[in-house]
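Structure first, commentary second.
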Amino acid sequence: MSIAKRSELIFLYDLSWGNPNGDPNDANKPRIDSETGINFVTDVRLKRTIRDELIARNYDVLIRDTFNEEDGTLKDAKNRGVDFLPESAKQKANKNNKDKSTLTNEELREFQNNVKRCVDIRMFGCVLPSEIKNASLQYTGPVQFKMGYSMHPVKLELVKGTGAFASGEGKDQKTFRQEYMLPYSLINFYGVINDRAAEITGLTEDDVKLLLDAMWYGTKNLITRTKAGQVPRLLINVAYKEKDFYIGELDKKVKFNYDIAGESVRSVKDGTMQLKELKDCLILNKEKIEKISIKMDLDLKTDINIVEELKNTGIMIDVIA
């Protein structure tokens, strides 16, 4: 399996009457830039979406909820790391063991290989502390996302309602609840796959295909009360021939053109996605591009047929099914 190439990706998805990423330090409100009214979503939220999809497909994932057999408590990072130690080394990780011995070279290699069998570590890296002196691991993830942001200003709505149960024993009145939601948000994520880091974690081209698939379907399958109705709209991955080269900031070459007030946008059909600037930029660098993978939702209106226009220049296009 070949190591992943340097690439850039753009991922657009939207949500109606939901909360794409609540801030636990601010009443779980959707995150909004107070100056611009732009909704933003953390990269951690997107990575969690991808991990959840990988877990549902029964892939080995390291960053997930696991529990101690003794007392049923949630494992911390050190105890999670013990799961991947060779059997010969697990006793060394006991925090009550006063002999803080080290792993042998063979044990350390086996430990590292066990961790890298987890697809999320090959993608996103990890920091894994240990009670053993030489067993703490730190891998920079090859897949890095910037903050996602809405392509238009959003409107924050406070929705109030009643709960399902009485407010207390012997009382007739039900509890009241309130939550903050967005009527609509069309979110743009940008990411880079670093071929240098891929060589260290072992990220392969097959892993990249899995990443794209999990990003698309994980977003669609995230059916919770605040995120039901998320729809992936556009996914573009540009893989380069040359090591260390990438154009950069491709997300800024995609615009959502709407004729109404930004806060009044309620559907992807309320505007047109402008892809001409992106297309022109890709054509300008076509000699350095190995392949462009594209997946697009049928309801997304675009100013050009980007697939056909790029194909006509001789760039290899992979239309993802």
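Residues are referred to by chain and number: the chain letter is A, B, ... according to the order shown in the structure tokens, the number counts from 1 in that chain, and ligands are numbered separately from 1 in the order shown.
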
Write out as a PyMOL selection string the set of residues from region 38-129 of chain A that DSSP, computed on the backbone, places in helix (DSSP H, G or I). chain A and resi 43-56+77-82+87-93+105-116+119-124

At a cut-off of 12 Å, can you tabulate as a tab-separated table every residue of region 83-152 of chain A near region 260-277 of chain A together with its closest atom pair and the distance in Å to one decimal, using only C-alpha atoms and ordering rows by chain then number?
residue	atom	partner	partner_atom	distance
A:Ser150	CA	A:Gly262	CA	10.2
A:Met151	CA	A:Gly262	CA	8.7
A:His152	CA	A:Gly262	CA	5.1

Please save C-alpha atoms of the selected residues as an mmCIF file, in the first residue's frame.
data_model
loop_
_atom_site.group_PDB
_atom_site.id
_atom_site.type_symbol
_atom_site.label_atom_id
_atom_site.label_comp_id
_atom_site.auth_asym_id
_atom_site.auth_seq_id
_atom_site.Cartn_x
_atom_site.Cartn_y
_atom_site.Cartn_z
ATOM 1 C CA SER A 150 -20.377 29.201 7.563
ATOM 2 C CA MET A 151 -20.408 30.709 4.080
ATOM 3 C CA HIS A 152 -22.936 33.341 5.193
#

Please list as a list in words every residue within 9 Å of Pro86 (chain A), counting only C-alpha atoms and excluding residues in the same chain fewer than 4 positions away. Val82, Lys90, Glu107, Leu108, Glu110, Phe111 and Asn114 of chain A

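Close contacts of Glu287 (chain A), defined as residues with an atom at most 12 Å away when counting only C-alpha atoms, with chain neighbours fewer than 5 positions off set aside, comprise A:Ala239, A:Tyr240, A:Lys241, A:Glu242, A:Phe245, A:Cys281, A:Leu282, A:Thr313, A:Gly314, A:Ile315, A:Met316.
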
Selection export as a PDB file, in the first residue's frame, atoms kept: C-alpha atoms:
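Ended up saving to part13.pdb:
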ATOM      1  CA  ALA A 239      -3.738  15.141  -4.698  1.00  0.00           C
ATOM      2  CA  TYR A 240      -0.366  16.443  -5.890  1.00  0.00           C
ATOM      3  CA  LYS A 241       2.471  14.794  -7.785  1.00  0.00           C
ATOM      4  CA  GLU A 242       5.279  16.690  -6.086  1.00  0.00           C
ATOM      5  CA  PHE A 245       3.861  21.152  -2.793  1.00  0.00           C
ATOM      6  CA  CYS A 281      -6.578  28.024  -9.929  1.00  0.00           C
ATOM      7  CA  LEU A 282      -6.491  24.245 -10.388  1.00  0.00           C
ATOM      8  CA  THR A 313      -8.001  20.196 -19.513  1.00  0.00           C
ATOM      9  CA  GLY A 314      -6.631  16.678 -19.129  1.00  0.00           C
ATOM     10  CA  ILE A 315      -6.632  16.610 -15.318  1.00  0.00           C
ATOM     11  CA  MET A 316      -7.505  13.159 -13.972  1.00  0.00           C
TER      12      MET A 316
END
